[in-house]
>>> print(open('model-v9.txt').read())   # compact mmCIF, C-alpha atoms and all ligand atoms
# COMPACT_ATOMS: atom_id res chain seq x y z
CA MET A 1 0.00 0.00 0.00
CA ASP A 2 1.28 3.48 -0.82
CA MET A 3 1.28 5.08 2.61
CA THR A 4 2.56 8.42 1.33
CA ARG A 5 -0.61 9.03 -0.60
CA ILE A 6 -2.80 7.93 2.29
CA ARG A 7 -0.81 10.21 4.57
CA ASP A 8 -1.15 13.15 2.20
CA ARG A 9 -4.89 12.57 2.10
CA MET A 10 -5.04 12.44 5.90
CA VAL A 11 -3.15 15.73 6.13
CA GLU A 12 -5.46 17.30 3.55
CA HIS A 13 -8.68 16.05 5.19
CA HIS A 14 -7.94 16.19 8.87
CA VAL A 15 -5.28 18.85 9.14
CA THR A 16 -5.22 21.56 6.49
CA ARG A 17 -8.94 21.61 5.83
CA ARG A 18 -9.51 22.05 9.51
CA GLY A 19 -7.48 25.15 9.75
CA ILE A 20 -3.90 24.10 10.44
CA ARG A 21 -1.70 26.47 8.44
CA ASP A 22 1.83 26.12 9.81
CA PRO A 23 3.83 24.77 6.82
CA SER A 24 6.45 23.09 9.01
CA VAL A 25 3.78 21.17 10.94
CA ILE A 26 2.04 20.13 7.72
CA GLU A 27 5.34 19.05 6.22
CA ALA A 28 6.20 17.01 9.32
CA MET A 29 2.84 15.27 9.18
CA ARG A 30 3.44 14.41 5.53
CA THR A 31 6.81 12.94 6.46
CA VAL A 32 6.37 11.00 9.70
CA PRO A 33 4.92 7.53 9.04
CA ARG A 34 2.08 7.42 11.56
CA GLU A 35 1.47 3.76 10.74
CA LYS A 36 4.81 2.95 12.39
CA PHE A 37 3.51 4.35 15.69
CA VAL A 38 0.36 2.26 16.02
CA PRO A 39 0.26 -1.31 17.30
CA PRO A 40 0.68 -4.05 14.70
CA GLY A 41 -2.69 -4.82 13.21
CA SER A 42 -4.03 -1.27 13.60
CA GLU A 43 -2.10 0.17 10.65
CA GLU A 44 -5.23 0.46 8.59
CA PHE A 45 -6.67 2.81 11.18
CA ALA A 46 -3.48 4.87 11.43
CA TYR A 47 -4.78 7.57 9.12
CA GLU A 48 -8.25 7.94 10.54
CA ASP A 49 -8.60 11.08 12.61
CA ALA A 50 -9.01 9.05 15.75
CA PRO A 51 -6.88 8.22 18.72
CA LEU A 52 -5.80 4.59 18.85
CA SER A 53 -4.94 2.36 21.74
CA ILE A 54 -1.19 1.84 22.21
CA GLY A 55 -1.36 -0.37 25.29
CA GLU A 56 -1.07 0.40 29.00
CA GLY A 57 -4.51 2.02 28.68
CA GLN A 58 -2.95 4.87 26.69
CA THR A 59 -3.65 6.29 23.27
CA ILE A 60 -1.82 7.83 20.36
CA SER A 61 -3.44 11.22 19.92
CA GLN A 62 -5.50 11.87 16.84
CA PRO A 63 -3.69 13.66 14.03
CA PHE A 64 -5.69 16.88 14.21
CA ILE A 65 -5.13 17.50 17.89
CA VAL A 66 -1.40 16.85 17.57
CA ALA A 67 -1.24 19.24 14.64
CA LEU A 68 -3.14 21.85 16.62
CA MET A 69 -0.86 21.53 19.64
CA LEU A 70 2.23 21.76 17.48
CA GLU A 71 0.96 24.78 15.61
CA LYS A 72 0.08 26.50 18.85
CA ALA A 73 3.55 25.69 20.17
CA ASN A 74 4.93 27.90 17.40
CA LEU A 75 7.93 25.69 16.88
CA ASP A 76 11.05 27.06 15.30
CA ALA A 77 13.92 25.21 13.65
CA GLY A 78 16.27 26.14 16.49
CA ASP A 79 13.94 25.22 19.34
CA THR A 80 14.43 22.84 22.20
CA VAL A 81 11.18 21.17 23.05
CA LEU A 82 9.86 18.98 25.84
CA GLU A 83 6.99 16.58 25.40
CA VAL A 84 5.38 15.21 28.54
CA GLY A 85 3.63 11.92 27.72
CA THR A 86 5.66 10.33 24.93
CA GLY A 87 3.13 7.53 24.43
CA SER A 88 3.76 6.06 21.01
CA GLY A 89 6.26 8.79 20.25
CA TYR A 90 4.27 10.15 17.32
CA ALA A 91 3.98 13.73 18.58
CA SER A 92 7.65 13.79 19.57
CA ALA A 93 8.59 12.46 16.16
CA LEU A 94 6.65 15.25 14.48
CA MET A 95 8.28 17.86 16.70
CA SER A 96 11.70 16.43 15.98
CA ARG A 97 11.13 17.17 12.29
CA VAL A 98 10.46 20.83 13.08
CA ALA A 99 12.58 21.70 16.10
CA ARG A 100 16.28 21.26 16.84
CA HIS A 101 15.96 18.88 19.76
CA VAL A 102 13.13 17.08 21.51
CA TYR A 103 13.15 15.78 25.06
CA SER A 104 10.33 13.38 25.69
CA ILE A 105 9.29 11.94 29.03
CA GLU A 106 6.91 9.03 29.64
CA ARG A 107 5.88 7.35 32.87
CA HIS A 108 5.30 3.90 31.35
CA GLU A 109 8.62 2.21 30.77
CA ARG A 110 7.36 -0.10 28.04
CA LEU A 111 5.91 2.77 26.02
CA ALA A 112 9.08 4.80 26.44
CA LEU A 113 11.25 1.91 25.26
CA GLU A 114 9.02 1.22 22.28
CA ALA A 115 9.03 4.89 21.30
CA LYS A 116 12.81 4.96 21.56
CA GLU A 117 13.08 1.93 19.29
CA ARG A 118 10.82 3.59 16.76
CA PHE A 119 12.96 6.73 16.70
CA GLU A 120 16.06 4.63 16.19
CA LYS A 121 14.52 2.66 13.35
CA LEU A 122 13.35 5.82 11.65
CA GLY A 123 16.71 7.50 12.17
CA TYR A 124 15.29 10.35 14.26
CA ARG A 125 18.39 11.14 16.25
CA ASN A 126 17.41 14.43 17.86
CA ILE A 127 15.01 12.94 20.41
CA ASP A 128 15.88 11.93 23.96
CA VAL A 129 13.42 9.71 25.77
CA ARG A 130 13.30 9.17 29.47
CA VAL A 131 11.08 7.22 31.84
CA GLY A 132 9.74 9.38 34.63
CA ASP A 133 7.15 11.73 36.02
CA GLY A 134 6.81 14.54 33.52
CA SER A 135 4.77 16.70 35.87
CA LYS A 136 8.18 17.64 37.26
CA GLY A 137 9.50 18.41 33.80
CA TRP A 138 13.09 17.61 32.78
CA ALA A 139 15.14 20.10 34.78
CA GLU A 140 18.56 19.18 33.37
CA ALA A 141 17.48 19.95 29.83
CA ALA A 142 15.61 23.18 30.65
CA PRO A 143 14.95 25.89 29.61
CA PHE A 144 12.64 24.89 26.79
CA ASP A 145 11.32 26.99 23.96
CA ALA A 146 8.18 24.93 24.04
CA ILE A 147 6.61 22.26 26.25
CA VAL A 148 3.80 20.11 24.96
CA VAL A 149 1.89 18.06 27.50
CA SER A 150 -0.07 15.18 26.00
CA ALA A 151 -2.08 14.29 29.09
CA SER A 152 -4.49 16.36 31.11
CA ALA A 153 -3.36 17.91 34.41
CA PRO A 154 -5.50 19.16 37.31
CA GLU A 155 -3.59 22.45 37.24
CA VAL A 156 -0.58 23.67 35.30
CA PRO A 157 2.39 22.04 37.09
CA THR A 158 4.72 24.69 38.51
CA ALA A 159 7.87 22.88 37.37
CA LEU A 160 6.76 23.08 33.76
CA LYS A 161 6.18 26.82 33.99
CA GLU A 162 9.58 27.26 35.59
CA GLN A 163 11.31 25.26 32.86
CA LEU A 164 9.99 27.50 30.09
CA GLY A 165 12.49 29.97 28.65
CA LEU A 166 11.47 33.55 28.19
CA GLY A 167 8.98 33.64 25.34
CA GLY A 168 8.52 29.87 25.73
CA ARG A 169 5.14 28.27 25.08
CA LEU A 170 3.51 25.61 27.21
CA ILE A 171 0.64 23.72 25.60
CA ILE A 172 -1.28 21.76 28.17
CA PRO A 173 -4.74 20.31 28.66
CA VAL A 174 -6.09 21.20 32.09
CA GLY A 175 -9.10 19.76 33.86
CA ARG A 176 -10.98 16.61 34.39
CA GLY A 177 -13.06 14.37 32.14
CA GLU A 178 -15.03 16.30 29.58
CA GLY A 179 -14.37 19.61 31.29
CA GLN A 180 -10.81 19.71 29.99
CA ARG A 181 -9.51 22.85 28.28
CA LEU A 182 -6.45 23.10 26.12
CA LYS A 183 -4.32 26.01 27.33
CA ARG A 184 -1.35 27.91 26.05
CA LEU A 185 0.86 29.69 28.53
CA THR A 186 3.52 32.01 27.15
CA ARG A 187 6.25 33.13 29.44
CA THR A 188 6.46 36.89 29.15
CA GLY A 189 8.63 37.58 32.18
CA ASP A 190 10.29 35.97 35.11
CA ALA A 191 7.01 35.33 36.87
CA ALA A 192 4.68 36.54 34.14
CA PHE A 193 2.68 34.25 31.90
CA GLU A 194 0.10 35.00 29.31
CA GLU A 195 -2.65 32.38 29.30
CA GLU A 196 -4.96 31.54 26.40
CA ASP A 197 -7.76 29.04 26.16
CA LEU A 198 -7.63 26.96 22.97
CA GLY A 199 -10.87 25.01 23.44
CA GLY A 200 -12.33 21.87 24.97
CA VAL A 201 -10.39 18.61 24.66
CA LEU A 202 -10.34 15.11 26.05
CA PHE A 203 -7.01 13.59 27.04
CA VAL A 204 -5.91 10.75 29.27
CA PRO A 205 -4.92 12.00 32.73
CA LEU A 206 -1.44 13.19 33.58
CA ILE A 207 -0.56 11.04 36.54
CA GLY A 208 2.24 12.13 38.81
CA GLU A 209 3.41 14.05 41.82
CA ASP A 210 2.36 17.43 40.52
CA ALA A 211 -0.60 16.03 38.60
CA TRP A 212 -3.39 13.58 39.30
CA THR A 213 -2.72 11.29 42.23
CA ALA A 214 -5.01 9.06 44.21
CA THR A 215 -5.06 11.80 46.87
CA HIS A 216 -5.62 14.78 44.64
CA PRO A 217 -8.85 16.47 45.80
CA MET A 218 -10.27 16.66 42.27
CA TYR A 219 -9.28 13.07 41.66
CA THR A 220 -11.05 11.80 44.73
CA ALA A 221 -14.12 13.99 44.21
CA THR A 222 -14.80 12.43 40.87
CA ALA A 223 -12.34 10.28 39.04
CA PRO A 224 -10.77 12.09 36.12
CA SER A 225 -11.19 10.66 32.69
CA LEU A 226 -9.76 7.22 33.06
CA PRO A 227 -7.03 5.65 31.03
CA GLY A 228 -8.65 4.66 27.83
CA THR A 229 -10.28 8.00 27.29
CA VAL A 230 -8.95 10.12 24.60
CA ALA A 231 -7.34 13.10 23.15
CA SER A 232 -9.86 14.87 21.07
CA GLU A 233 -10.12 18.10 19.21
CA PRO A 234 -11.28 21.30 20.81
CA SER A 235 -15.03 21.54 20.67
CA SER A 236 -15.04 25.30 20.67
CA PRO A 237 -11.76 26.93 19.76
CA HIS A 238 -11.72 30.52 20.92
CA ASP A 239 -9.29 31.73 18.36
CA GLY A 240 -11.14 30.89 15.18
CA GLN A 241 -8.70 30.82 12.32
CA GLY A 242 -10.90 31.36 9.34
CA ALA A 243 -13.35 29.04 7.72
CA GLY A 244 -11.36 25.88 8.32
CA MET A 245 -11.30 26.26 12.06
CA ARG A 246 -14.93 27.21 12.33
CA LYS A 247 -15.85 23.84 10.88
CA ILE A 248 -14.82 22.30 14.16
CA ASP A 249 -17.96 23.67 15.77
CA LYS A 250 -20.03 21.48 13.52
CA LEU A 251 -18.22 18.33 14.49
CA PRO A 252 -19.80 16.14 17.12
CA ALA A 253 -18.95 17.41 20.56
CA LEU A 254 -16.92 15.25 22.89
CA PRO A 255 -15.97 12.58 23.26
CA GLU A 256 -14.64 11.36 20.01
CA GLY A 257 -11.98 8.76 19.79
CA VAL A 258 -10.74 5.63 21.30
CA LEU A 259 -13.84 4.81 23.29
CA ASP A 260 -15.87 4.91 20.12
CA HIS A 261 -13.06 3.36 18.23
CA SER A 262 -12.60 0.42 20.55
CA GLU A 263 -16.34 0.00 20.77
CA PHE A 264 -16.49 -0.11 17.01
CA GLN A 265 -13.56 -2.46 16.86
CA GLN A 266 -15.11 -4.72 19.46
CA ARG A 267 -18.37 -4.84 17.57
CA PHE A 268 -16.50 -5.51 14.37
CA TRP A 269 -14.65 -8.36 16.02
CA ALA A 270 -17.86 -9.73 17.50
CA VAL A 271 -19.46 -9.86 14.06
CA GLN A 272 -16.34 -11.38 12.63
CA ARG A 273 -16.18 -14.00 15.37
CA PHE A 274 -19.85 -14.81 14.94
CA SER A 275 -19.41 -15.23 11.19
CA TRP A 276 -16.48 -17.53 11.71
CA ILE A 277 -18.40 -19.66 14.17
CA VAL A 278 -21.36 -19.97 11.78
CA PHE A 279 -19.06 -20.72 8.89
CA THR A 280 -17.14 -23.33 10.87
CA LEU A 281 -20.31 -24.99 12.09
CA LEU A 282 -21.68 -25.18 8.57
CA LEU A 283 -18.42 -26.59 7.37
CA VAL A 284 -18.37 -29.22 10.08
CA ILE A 285 -22.00 -30.11 9.44
CA CYS A 286 -21.34 -30.48 5.76
CA LEU A 287 -18.21 -32.49 6.41
CA LEU A 288 -20.05 -34.85 8.66
CA GLY A 289 -22.71 -35.17 6.03
CA LEU A 290 -25.25 -34.27 8.64
CA LEU A 291 -27.41 -32.56 6.09
CA GLY A 292 -26.80 -35.05 3.35
CA ARG A 293 -27.84 -38.51 2.40
CA GLY A 294 -27.29 -40.96 5.19
CA GLY A 295 -27.28 -38.19 7.81
CA PRO A 296 -29.70 -38.05 10.72
CA PHE A 297 -32.03 -35.71 8.83
CA SER A 298 -32.04 -37.72 5.64
CA ARG A 299 -34.94 -40.00 6.58
CA GLN A 300 -38.46 -39.55 7.87
CA THR A 301 -41.05 -41.91 9.32
CA LEU A 302 -44.72 -41.54 8.41
CA LEU A 303 -47.19 -42.94 10.92
CA LEU A 304 -50.40 -44.43 9.62
CA PRO A 305 -53.18 -46.32 11.42
CA GLU A 306 -51.99 -49.69 10.11
CA GLY A 307 -48.28 -49.12 10.63
CA SER A 308 -45.43 -46.86 9.63
CA VAL A 309 -43.26 -46.10 6.60
CA ASP A 310 -39.64 -45.07 6.92
CA PHE A 311 -38.42 -43.46 3.68
CA PRO A 312 -35.62 -41.18 2.43
CA VAL A 313 -36.26 -37.42 2.31
CA ILE A 314 -32.76 -36.58 1.12
CA SER A 315 -31.22 -38.81 -1.47
CA ARG A 316 -28.79 -38.83 -4.34
CA TRP A 317 -29.68 -39.45 -7.92
CA ASN A 318 -29.14 -42.97 -9.21
CA ALA A 319 -28.32 -44.32 -5.76
CA PRO A 320 -30.02 -47.24 -4.07
CA GLU A 321 -32.27 -46.50 -1.11
CA ASP A 322 -34.44 -48.52 1.24
CA MET A 323 -38.00 -47.81 2.27
CA THR A 324 -39.12 -49.83 5.27
CA VAL A 325 -42.83 -50.49 5.70
CA THR A 326 -43.92 -51.83 9.09
CA PHE A 327 -47.38 -53.30 9.46
CA THR A 328 -48.95 -53.71 12.89
CA PRO A 329 -50.17 -57.29 13.66
CA SER A 330 -53.36 -58.12 11.81
CA SER A 331 -55.41 -61.17 10.88
CA GLU A 332 -56.25 -59.72 7.48
CA ASP A 333 -54.08 -59.30 4.41
CA ARG A 334 -52.36 -55.92 4.28
CA VAL A 335 -52.12 -53.63 1.28
CA PHE A 336 -49.41 -51.04 0.60
CA THR A 337 -50.10 -48.59 -2.24
CA ILE A 338 -48.07 -46.08 -4.22
CA ASP A 339 -49.08 -43.65 -6.95
CA PRO A 340 -47.40 -43.14 -10.36
CA ALA A 341 -45.58 -40.03 -9.00
CA PHE A 342 -43.74 -42.33 -6.62
CA LEU A 343 -42.36 -44.21 -9.60
CA GLN A 344 -40.95 -40.95 -10.98
CA SER A 345 -38.87 -40.61 -7.83
CA PHE A 346 -38.01 -44.24 -7.39
CA SER A 347 -38.14 -47.51 -9.22
CA VAL A 348 -38.80 -50.59 -7.13
CA GLN A 349 -35.85 -52.99 -7.49
CA GLY A 350 -36.95 -55.60 -4.96
CA ILE A 351 -39.28 -56.29 -2.05
CA ASP A 352 -38.26 -58.36 0.95
CA PRO A 353 -40.15 -60.47 1.88
CA PRO A 354 -41.88 -60.49 -1.51
CA GLN A 355 -45.50 -59.50 -1.85
CA LYS A 356 -48.25 -62.07 -2.22
CA ALA A 357 -49.85 -60.19 -5.07
CA THR A 358 -49.67 -56.88 -6.96
CA PHE A 359 -52.58 -55.02 -8.50
CA ALA A 360 -53.37 -51.73 -10.18
CA ARG A 361 -56.53 -49.84 -9.30
CA ASP A 362 -57.61 -46.19 -9.75
CA GLY A 363 -54.18 -45.36 -11.14
CA ARG A 364 -52.45 -46.76 -8.06
CA ILE A 365 -50.30 -49.81 -7.62
CA GLY A 366 -51.04 -52.02 -4.65
CA TYR A 367 -48.80 -54.64 -3.01
CA VAL A 368 -50.57 -57.29 -0.95
CA PHE A 369 -48.85 -58.97 2.00
CA PRO A 370 -50.14 -61.92 3.98
CA ALA A 371 -51.76 -61.48 7.37
CA ASP A 372 -49.65 -62.02 10.50
CA PRO A 373 -51.54 -61.67 13.78
CA ALA A 374 -48.46 -62.75 15.80
CA GLY A 375 -46.39 -59.60 15.49
CA PRO A 376 -45.49 -56.57 13.37
CA THR A 377 -44.26 -57.31 9.87
CA GLN A 378 -41.41 -55.40 8.27
CA ILE A 379 -41.11 -55.17 4.54
CA VAL A 380 -38.15 -53.55 2.85
CA PHE A 381 -38.56 -51.96 -0.56
CA ARG A 382 -35.26 -51.68 -2.43
CA LEU A 383 -35.49 -48.47 -4.43
CA GLN A 384 -33.40 -46.82 -7.08
CA THR A 385 -33.70 -43.01 -7.14
CA GLN A 386 -34.87 -41.64 -10.46
CA LEU A 387 -35.35 -37.96 -11.40
CA PRO A 388 -33.29 -35.43 -9.43
CA GLY A 389 -35.02 -32.51 -7.74
CA PRO A 390 -37.80 -32.19 -5.17
CA ARG A 391 -40.38 -34.99 -5.54
CA ARG A 392 -43.75 -35.60 -3.96
CA ALA A 393 -45.80 -38.76 -4.13
CA LEU A 394 -48.61 -40.58 -2.34
CA ILE A 395 -48.15 -43.73 -0.34
CA GLY A 396 -50.83 -45.56 1.54
CA MET A 397 -51.58 -48.42 3.88
CA GLY A 398 -55.01 -49.93 3.51
CA GLY A 399 -57.40 -47.07 2.92
CA GLU A 400 -55.14 -44.32 4.36
CA THR A 401 -52.73 -42.30 2.21
CA ARG A 402 -50.07 -39.74 3.00
CA THR A 403 -47.98 -37.38 0.92
CA GLN A 404 -44.30 -38.12 0.96
CA SER A 405 -41.53 -35.69 -0.16
CA THR A 406 -38.00 -36.49 -1.15
CA PHE A 407 -35.22 -34.30 -2.41
CA ILE A 408 -33.00 -36.11 -4.84
CA PHE A 409 -29.63 -34.40 -5.36
CA PRO A 410 -28.50 -34.41 -8.97
N1 LIG A 501 1.75 12.07 22.49
C1 LIG A 501 1.39 10.70 22.53
C2 LIG A 501 0.09 10.46 23.18
C3 LIG A 501 0.29 10.15 24.60
S1 LIG A 501 -1.11 9.81 25.57
C4 LIG A 501 1.36 10.13 21.11
O1 LIG A 501 1.43 10.91 20.16
O2 LIG A 501 1.28 8.92 20.98
C5 LIG A 501 -0.46 10.43 27.09
C6 LIG A 501 0.74 9.74 27.65
O3 LIG A 501 1.09 10.42 28.82
C7 LIG A 501 0.52 8.31 28.06
O4 LIG A 501 1.42 7.49 27.40
C8 LIG A 501 0.75 8.31 29.55
O5 LIG A 501 1.37 7.15 30.01
C9 LIG A 501 1.65 9.50 29.71
N2 LIG A 501 1.67 10.11 31.04
C10 LIG A 501 0.68 10.29 31.92
N3 LIG A 501 1.12 10.90 33.01
C11 LIG A 501 2.44 11.12 32.83
C12 LIG A 501 3.47 11.73 33.60
N4 LIG A 501 3.22 12.25 34.79
N5 LIG A 501 4.70 11.76 33.12
C13 LIG A 501 4.98 11.24 31.89
N6 LIG A 501 4.07 10.67 31.11
C14 LIG A 501 2.80 10.61 31.57
>>> encode(input="model-v9.txt", output="structure tokens")
Amino acid sequence: MDMTRIRDRMVEHHVTRRGIRDPSVIEAMRTVPREKFVPPGSEEFAYEDAPLSIGEGQTISQPFIVALMLEKANLDAGDTVLEVGTGSGYASALMSRVARHVYSIERHERLALEAKERFEKLGYRNIDVRVGDGSKGWAEAAPFDAIVVSASAPEVPTALKEQLGLGGRLIIPVGRGEGQRLKRLTRTGDAAFEEEDLGGVLFVPLIGEDAWTATHPMYTATAPSLPGTVASEPSSPHDGQGAGMRKIDKLPALPEGVLDHSEFQQRFWAVQRFSWIVFTLLLVICLLGLLGRGGPFSRQTLLLPEGSVDFPVISRWNAPEDMTVTFTPSSEDRVFTIDPAFLQSFSVQGIDPPQKATFARDGRIGYVFPADPAGPTQIVFRLQTQLPGPRRALIGMGGETRTQSTFIFP
């Protein structure tokens, strides 16, 4: 599959048309292979504008929100950037294509290691990854020209503000659950910050010492959006950037993303599993010949006052079949009749024990068997199937007749 074209289409649909203008961000999104940052098997979803699960209950942010954060971070070619919440590494990878150096911190060791491997494979050498609590920033590498936080904090962590250089931008989602707001803080002086609200978002929680903890008052009041919830686009950006950005208002409000995505995926898998089960069952049934000739459904027994007739309902053309007629004990001769239609389905090759007499009357053929008051008598008709297709005929014992149907496979 040509991923470059798919990627270009993703950038066109989900990024530029929605108001992202920064050429360096757009270029980075055209370059970084997002499919390399999603778990194996999810590649086909890599270019949907949806967050995807990357394990540990975390998600890779959706392309639009990453683009928005990067654009708002105003990255410059000479910048040193910090990302808090490396996750898959996708956002850091994008930033590394724009800025000079990226420091990226992630609390889950496995995710950090995987991200590091990805950067190595892709030859992105200007990214440093570290396992740790990003709510404390990365003091040794500070000051930063920009800090991008990819998980939502209860308040803006002090350490992050302190590690911003003068003029530095901090992009951070703040708040709980669906009440999260994306914020941009710009350091304008030693202790002066300009704060802007960039709209409503939905991120996984930033968990750490200066973030959400089990004892944080907001955490205990109501749990913040739990792992598994998502990064989503702002529902109401306050800094409309022309027609493209205004379109966001028309998009479904929150949440959008991995919850829906995994729900969809689960449903998809359920349908797939169900289909496989049905298919396998059918296959097994066919293999066992359960539905075919000789299977448990291939014969039927008709009950009549004077006895019963066991005959084939599923048969194969030109194959021998038996029809067993059982007469109840009687002191009178018994008569078994068939109509001409029966002889279109079957020809009678033999009767065991043989009949005493045969007659034709009213277009029917009758077979007469001697009386036996001692016990039931069984007579086997050896039949040869004739015309393929569904066949109906009349059979009778004494004065009673029944319709009998047989399907003869060609
Ligand atoms: N930017 C990522 C998305 C990350 S989702 C991407 O593009 O794939 C948020 C990440 O933040 C998760 O991986 C989560 O484990 C991490 N995280 C949460 N709290 C953290 C903290 N205090 N320090 C570092 N990482 C944290």
>>> axis_aligned_box(input="model-v9.txt", around="ligand LIG 501 (chain A)", padding_each_side="5 Å", output="JSON")
{"center_x": 1.9, "center_y": 9.7, "center_z": 27.5, "size_x": 16.1, "size_y": 15.1, "size_z": 24.6}
>>> residues_near_ligand(input="model-v9.txt", ligand="ligand LIG 501 (chain A)", cutoff="7 Å", atoms="all atoms listed in the file", output="number ranges by chain")
A: 58-61, 84-92, 105-108, 111, 132-135, 150-151, 204-208, 211
>>> residues_around(input="model-v9.txt", residues="Leu164 of chain A", least_positions_apart="5", cutoff="8 Å", atoms="all atoms listed in the file", output="VMD selection string")
chain A and resid 142 to 147 169 to 170 187
>>> atom_distance(input="model-v9.txt", atom1="atom CA of Leu304 of chain A", atom2="atom CA of Phe336 of chain A")
11.2 Å
>>> closest_atom_pairs(input="model-v9.txt", of="segment 102-182 of chain A", to="segment 27-45 of chain A", cutoff="10 Å", atoms="only C-alpha atoms", output="Markdown table")
| residue | atom | partner | partner_atom | distance |
| --- | --- | --- | --- | --- |
| A:Glu114 | CA | A:Phe37 | CA | 9.1 |
| A:Ala115 | CA | A:Phe37 | CA | 7.9 |
| A:Arg118 | CA | A:Phe37 | CA | 7.4 |
| A:Phe119 | CA | A:Phe37 | CA | 9.8 |
| A:Lys121 | CA | A:Lys36 | CA | 9.8 |
| A:Leu122 | CA | A:Val32 | CA | 8.9 |
>>> closest_residue(input="model-v9.txt", among="A:Leu343, A:Leu302, A:Ile20, A:Met69", to="Gln384 of chain A", atoms="all atoms listed in the file")
A:Leu343
>>> closest_residue(input="model-v9.txt", among="A:Ser405, A:Ser298, A:Gln266, A:Ser330", to="Phe342 of chain A", atoms="only C-alpha atoms")
A:Ser405
>>> closest_residue(input="model-v9.txt", among="A:Glu209, A:Asp339, A:Glu12, A:Asp76", to="Ser96 of chain A", atoms="all atoms listed in the file")
A:Asp76
>>> closest_residue(input="model-v9.txt", among="A:Gly123, A:Pro353, A:Gly200, A:Pro154", to="Phe381 of chain A", atoms="all atoms listed in the file")
A:Pro353
>>> atom_distance(input="model-v9.txt", atom1="atom CA of Glu178 of chain A", atom2="atom CA of Val148 of chain A")
19.8 Å
>>> atom_distance(input="model-v9.txt", atom1="atom CA of Thr280 of chain A", atom2="atom CA of Phe409 of chain A")
23.3 Å
>>> residues_near_point(input="model-v9.txt", point="(4.0, 31.5, 20.5)", cutoff="9 Å", atoms="all atoms listed in the file", output="PyMOL selection string")
chain A and resi 71-75+146+167-170+184-186
>>> closest_residue(input="model-v9.txt", among="A:Ala112, A:Met10, A:Lys136, A:Arg100", to="Ile54 of chain A", atoms="only C-alpha atoms")
A:Ala112
>>> closest_residue(input="model-v9.txt", among="A:Lys356, A:Gln265, A:Ala341, A:Gln272", to="Leu52 of chain A", atoms="only C-alpha atoms")
A:Gln265
